[in-house]
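Step one of this worksheet: look at the structure below.
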Amino acid sequence: MEFKDYYEILGVAPDAETAEIKSAYRKLARKYHPDLNAEKDAEANFKEVAEAWEVLKDKDRRAEYDELRRYGGKPHHDFEPPPGWQSSTGAQHQHFSGDFSDFFNSIFGGEFTQEGRSTSGAFGFRGQDVEIEMPVFLEETIADVVKPIEYELPIVEKGQLRHKRKSLRVTIPAGVGDGERIRLKGQGAPGQGEAPPGDLYLHIRLVPHPIFDLEGRNLLVTVPVAPWEAALGAKVTVPTLDGRINLTISPGSQSGQKLRVKGKGLVGKTGKGDLYAILKVVMPDNTGPEVEGLWKKLSEAAAFDPRKEWRDKR
Amino acid sequence: MISTVVKISVSELCEREELSRSLLVQLVQYEIARPVAGSTVDDWIFDVTSAHWMTRAVRLRRDLDIDWVAVAMLIDLLRERDRLSQENEYLQQRLGRFMNDEDRGPN
């Protein structure tokens with residue numbers, strides 16, 4: 001077990017006043033708190049910082065720690081508490097968010113806690129809640145869908161933290177939105193003793209679609225049209241999430257123009273959204289001399305300046 | 001088959017998050033969470049996403065040792081960050097459908 005230098009972790013001198021230590025903790029907590037920082041190492045860093053603060057903020061616990069430090073604890077070196085060591089302060093850490101290190105537990109006799117919501121009653125600790133990302137395809141939001149999931153649960157066995165894989169089949173309700181969370185009661189980590197298990201949270205992420213885009217509950221589909229379809233009007237078939245519809249493009253339509261098809265969007269809590277077809281005028285490739293000649297004739301006949309607006313504004 | 005839960009009652013929320021009813025009322029007053037149903041505090045029902053924000057708020061207040069006004073502002077900003085990041089993702093995807101990769105410099 002490695003000795004932890006809590007002063008080094010918080011970047012303060014061993015004789016620093018509590019106020020100075022508190023200030024250092026606050027700065028680092030702001031930097032590493034997992035609710036504010038999505039980086040992979042943030043949680044581990046925060047746990048270390050919070051553990052250091054847990055020890056150094058308490059006068060008696062700090063005194064005990066200082067004694068051990070003097071006894072020979074060196075950062076990043078192996079450490080064992082002196083024979084017969086027993087903490088007189090104990091670990092009153094129900095306000096701590098996260099697990100303690102083996103080092104902390106060996107000194108202050110702590111036990112694992114769960115994400116700050118642990119209940120340290122006579123019946124053990126409630127199991128840890130677990131959250132996983134749940135990719136859902138847009139097509140799967142139309143009706144309730146059953147999906148298989150696999151995830152890992154942290155389990156404490158004989159004081160050791162292990163991970164156990166678990167598989168479930170879950171029903172995702174129709175109309176779930178991007179970023180929403182749904183809960184699977186009792187499917188988190190098992191509780192200790194008689195305490196209940198934690199819950200599993202599914203964080204819904206709608207998978208980007210090759211054809212459709214999203215704007216709230218509305219679906220957007222970009223419809224490529226030929227220049228003559230935009231100019232003369234046309235009837236085109238457009239995909240929807242559950243089929244196809246025919247769409248009439250008016251003569252003189254512009255690229256970027258939006259056509260609304262009511263009720264063909266995503267299922268929502270207050271009804272269905274709409275589908276918006278956005279026109280995108282595309283040029284044909286390799287048309288040959290005949291078509292090129294026709295374009296030239298058109299350019300002469302139309303006498304059209306698409307950048308007239310710029311000239312007027314300069 | 002496991003069914004999912006999308007709503008959570010006040011009593012369950014208070015029990016599992018170790019919140020008092022008065023703290024829950026405060027969280028609603030600061031607009032950190034908004035009940036989706038129920039006319040009295042005991043009847044309030046929250047969606048799971050609201051419960052998630054309440055948990056984060058309680059954790060942030062405790063870990064950063066800041067007052068509720070600061071927590072409420074922080075939660076507002078975090079939500080706004082999430083919303084903007086999602087909107088940016090959607091807009092980038094839409095923009096990509098209108099852009100061609102061909103890179104042409106000025107002639």
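Order determines the names: the first chain of the structure tokens is A, the second B, and so forth; residues in each chain are numbered 1 upward, and ligands are numbered 1 upward as they are shown.
Residues with any atom within 12 Å of Val71 in chain B, counting only C-alpha atoms and excluding same-chain neighbours fewer than 6 positions away, are Asp35 and Leu36 of chain A; Gln26, Leu27, Tyr30, Glu31, Ile32, Trp53, Met54, Thr55, Arg56, Ala57, Val58, Arg59, Leu60, Arg61, Arg62, Asp63, Leu64, Asp65, Leu77 and Leu78 of chain B.
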Mind dumping a table of every chain A residue within 6 Å of chain B, with the nearest atom pair and its distance in Å to one decimal, using only C-alpha atoms, sorted by chain and rising number, as a Markdown table?
| residue | atom | partner | partner_atom | distance |
| --- | --- | --- | --- | --- |
| A:Arg169 | CA | B:Met1 | CA | 5.4 |
| A:Val170 | CA | B:Ile2 | CA | 4.9 |
| A:Thr171 | CA | B:Ser3 | CA | 5.6 |
| A:Glu180 | CA | B:Thr49 | CA | 5.9 |
| A:Arg181 | CA | B:Thr49 | CA | 5.3 |
| A:Ile182 | CA | B:Val6 | CA | 5.2 |
| A:Arg183 | CA | B:Val5 | CA | 4.9 |
| A:Leu184 | CA | B:Thr4 | CA | 5.1 |
Take the residues just selected and output them with C-alpha atoms as an mmCIF file, in the first residue's frame.
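Output contents, as saved in again_1.cif:
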data_model
loop_
_atom_site.group_PDB
_atom_site.id
_atom_site.type_symbol
_atom_site.label_atom_id
_atom_site.label_comp_id
_atom_site.auth_asym_id
_atom_site.auth_seq_id
_atom_site.Cartn_x
_atom_site.Cartn_y
_atom_site.Cartn_z
ATOM 1 C CA ARG A 169 -33.342 -7.031 -21.603
ATOM 2 C CA VAL A 170 -35.104 -3.732 -21.022
ATOM 3 C CA THR A 171 -38.113 -1.980 -22.480
ATOM 4 C CA GLU A 180 -33.159 11.831 -20.987
ATOM 5 C CA ARG A 181 -32.573 9.328 -18.237
ATOM 6 C CA ILE A 182 -34.576 6.293 -17.341
ATOM 7 C CA ARG A 183 -34.207 4.212 -14.277
ATOM 8 C CA LEU A 184 -34.100 0.472 -13.667
#
Give me every helix (DSSP H, G or I) residue in chain B, going by DSSP on the backbone, as a PyMOL selection string. chain B and resi 10-17+21-29+41-43+48-64+68-98
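Pairwise distance (CA of Lys235 in chain A, CA of Leu220 in chain A) equals 18.3 Å.
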Determine, counting only C-alpha atoms, which protein, DNA and RNA residues have an atom within 10 Å of an atom of Asp242 in chain A; residues of the same chain fewer than 2 positions away are not included. Present the result as a count of residues only. 7
Tell me, as a list in words, which residues lie within 7 Å of range 257-263 of chain A, counting only C-alpha atoms; anything in the same chain fewer than 6 positions away does not count. Lys272, Gly273, Asp274, Leu275, Tyr276, Ala277, Ile278 and Leu279 of chain A
So that I have them on file, write out the residues from the current selection with N, CA and C atoms, as a PDB file, in the first residue's frame.
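The resulting again32.pdb:
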ATOM      1  N   LYS A 272     -47.009  14.274 -31.543  1.00  0.00           N
ATOM      2  CA  LYS A 272     -45.892  14.051 -32.467  1.00  0.00           C
ATOM      3  C   LYS A 272     -45.355  15.361 -33.011  1.00  0.00           C
ATOM      4  N   GLY A 273     -44.067  15.392 -33.288  1.00  0.00           N
ATOM      5  CA  GLY A 273     -43.464  16.537 -33.944  1.00  0.00           C
ATOM      6  C   GLY A 273     -43.745  16.485 -35.445  1.00  0.00           C
ATOM      7  N   ASP A 274     -43.184  17.425 -36.175  1.00  0.00           N
ATOM      8  CA  ASP A 274     -43.401  17.491 -37.632  1.00  0.00           C
ATOM      9  C   ASP A 274     -42.127  17.099 -38.371  1.00  0.00           C
ATOM     10  N   LEU A 275     -42.308  16.806 -39.649  1.00  0.00           N
ATOM     11  CA  LEU A 275     -41.152  16.541 -40.512  1.00  0.00           C
ATOM     12  C   LEU A 275     -40.945  17.773 -41.395  1.00  0.00           C
ATOM     13  N   TYR A 276     -39.723  18.248 -41.467  1.00  0.00           N
ATOM     14  CA  TYR A 276     -39.406  19.370 -42.358  1.00  0.00           C
ATOM     15  C   TYR A 276     -38.490  18.865 -43.455  1.00  0.00           C
ATOM     16  N   ALA A 277     -38.939  19.044 -44.704  1.00  0.00           N
ATOM     17  CA  ALA A 277     -38.092  18.700 -45.844  1.00  0.00           C
ATOM     18  C   ALA A 277     -37.347  19.969 -46.245  1.00  0.00           C
ATOM     19  N   ILE A 278     -36.023  19.906 -46.257  1.00  0.00           N
ATOM     20  CA  ILE A 278     -35.225  21.082 -46.613  1.00  0.00           C
ATOM     21  C   ILE A 278     -34.633  20.840 -48.003  1.00  0.00           C
ATOM     22  N   LEU A 279     -34.935  21.728 -48.936  1.00  0.00           N
ATOM     23  CA  LEU A 279     -34.475  21.516 -50.314  1.00  0.00           C
ATOM     24  C   LEU A 279     -33.005  21.875 -50.451  1.00  0.00           C
TER      25      LEU A 279
END
So how many Å separate CA of Ala303 in chain A and CA of Asn100 in chain B, to one decimal? 27.2 Å
Rounded to one decimal in Å, what is the spacing between CA of Val221 in chain A and CA of Asp285 in chain A? 22.8 Å
Backbone DSSP call of strand (DSSP E or B) for range 47-242 of chain A, listed as a ChimeraX atom specification: /A:78,121,124,130-136,145-157,160-172,181-184,200-206,212-215,218-225,234-240
Determine, counting only C-alpha atoms, which protein, DNA and RNA residues have an atom within 7 Å of an atom of range 187-193 of chain A; residues of the same chain fewer than 6 positions away are not included. Present the result as a ChimeraX atom specification. /A:123-130,153-155,199-200
Could you save the residues just selected, with N, CA and C atoms, as an mmCIF file, in the first residue's frame?
data_model
loop_
_atom_site.group_PDB
_atom_site.id
_atom_site.type_symbol
_atom_site.label_atom_id
_atom_site.label_comp_id
_atom_site.auth_asym_id
_atom_site.auth_seq_id
_atom_site.Cartn_x
_atom_site.Cartn_y
_atom_site.Cartn_z
ATOM 1 N N PHE A 123 -27.986 -1.578 9.063
ATOM 2 C CA PHE A 123 -28.299 -2.639 8.125
ATOM 3 C C PHE A 123 -27.415 -2.611 6.885
ATOM 4 N N GLY A 124 -26.296 -1.927 6.940
ATOM 5 C CA GLY A 124 -25.354 -1.940 5.828
ATOM 6 C C GLY A 124 -25.576 -0.769 4.888
ATOM 7 N N PHE A 125 -24.902 -0.842 3.722
ATOM 8 C CA PHE A 125 -24.910 0.268 2.780
ATOM 9 C C PHE A 125 -25.769 -0.063 1.566
ATOM 10 N N ARG A 126 -26.562 0.906 1.168
ATOM 11 C CA ARG A 126 -27.334 0.742 -0.064
ATOM 12 C C ARG A 126 -26.353 0.621 -1.229
ATOM 13 N N GLY A 127 -26.684 -0.226 -2.199
ATOM 14 C CA GLY A 127 -25.783 -0.441 -3.328
ATOM 15 C C GLY A 127 -25.603 0.824 -4.163
ATOM 16 N N GLN A 128 -24.502 0.877 -4.880
ATOM 17 C CA GLN A 128 -24.176 2.055 -5.676
ATOM 18 C C GLN A 128 -25.070 2.141 -6.913
ATOM 19 N N ASP A 129 -25.500 3.359 -7.244
ATOM 20 C CA ASP A 129 -26.211 3.562 -8.509
ATOM 21 C C ASP A 129 -25.187 3.522 -9.635
ATOM 22 N N VAL A 130 -25.625 3.024 -10.783
ATOM 23 C CA VAL A 130 -24.730 2.931 -11.934
ATOM 24 C C VAL A 130 -25.424 3.611 -13.107
ATOM 25 N N LEU A 153 -20.917 -4.017 -12.907
ATOM 26 C CA LEU A 153 -21.302 -3.542 -11.587
ATOM 27 C C LEU A 153 -20.108 -3.611 -10.643
ATOM 28 N N PRO A 154 -19.859 -2.539 -9.893
ATOM 29 C CA PRO A 154 -18.799 -2.609 -8.876
ATOM 30 C C PRO A 154 -19.304 -3.404 -7.676
ATOM 31 N N ILE A 155 -18.552 -4.372 -7.259
ATOM 32 C CA ILE A 155 -18.962 -5.217 -6.135
ATOM 33 C C ILE A 155 -17.816 -5.301 -5.141
ATOM 34 N N ASP A 199 -29.662 1.573 -8.125
ATOM 35 C CA ASP A 199 -30.436 1.544 -9.371
ATOM 36 C C ASP A 199 -29.488 1.676 -10.562
ATOM 37 N N LEU A 200 -30.007 1.254 -11.706
ATOM 38 C CA LEU A 200 -29.267 1.457 -12.958
ATOM 39 C C LEU A 200 -29.956 2.590 -13.711
#
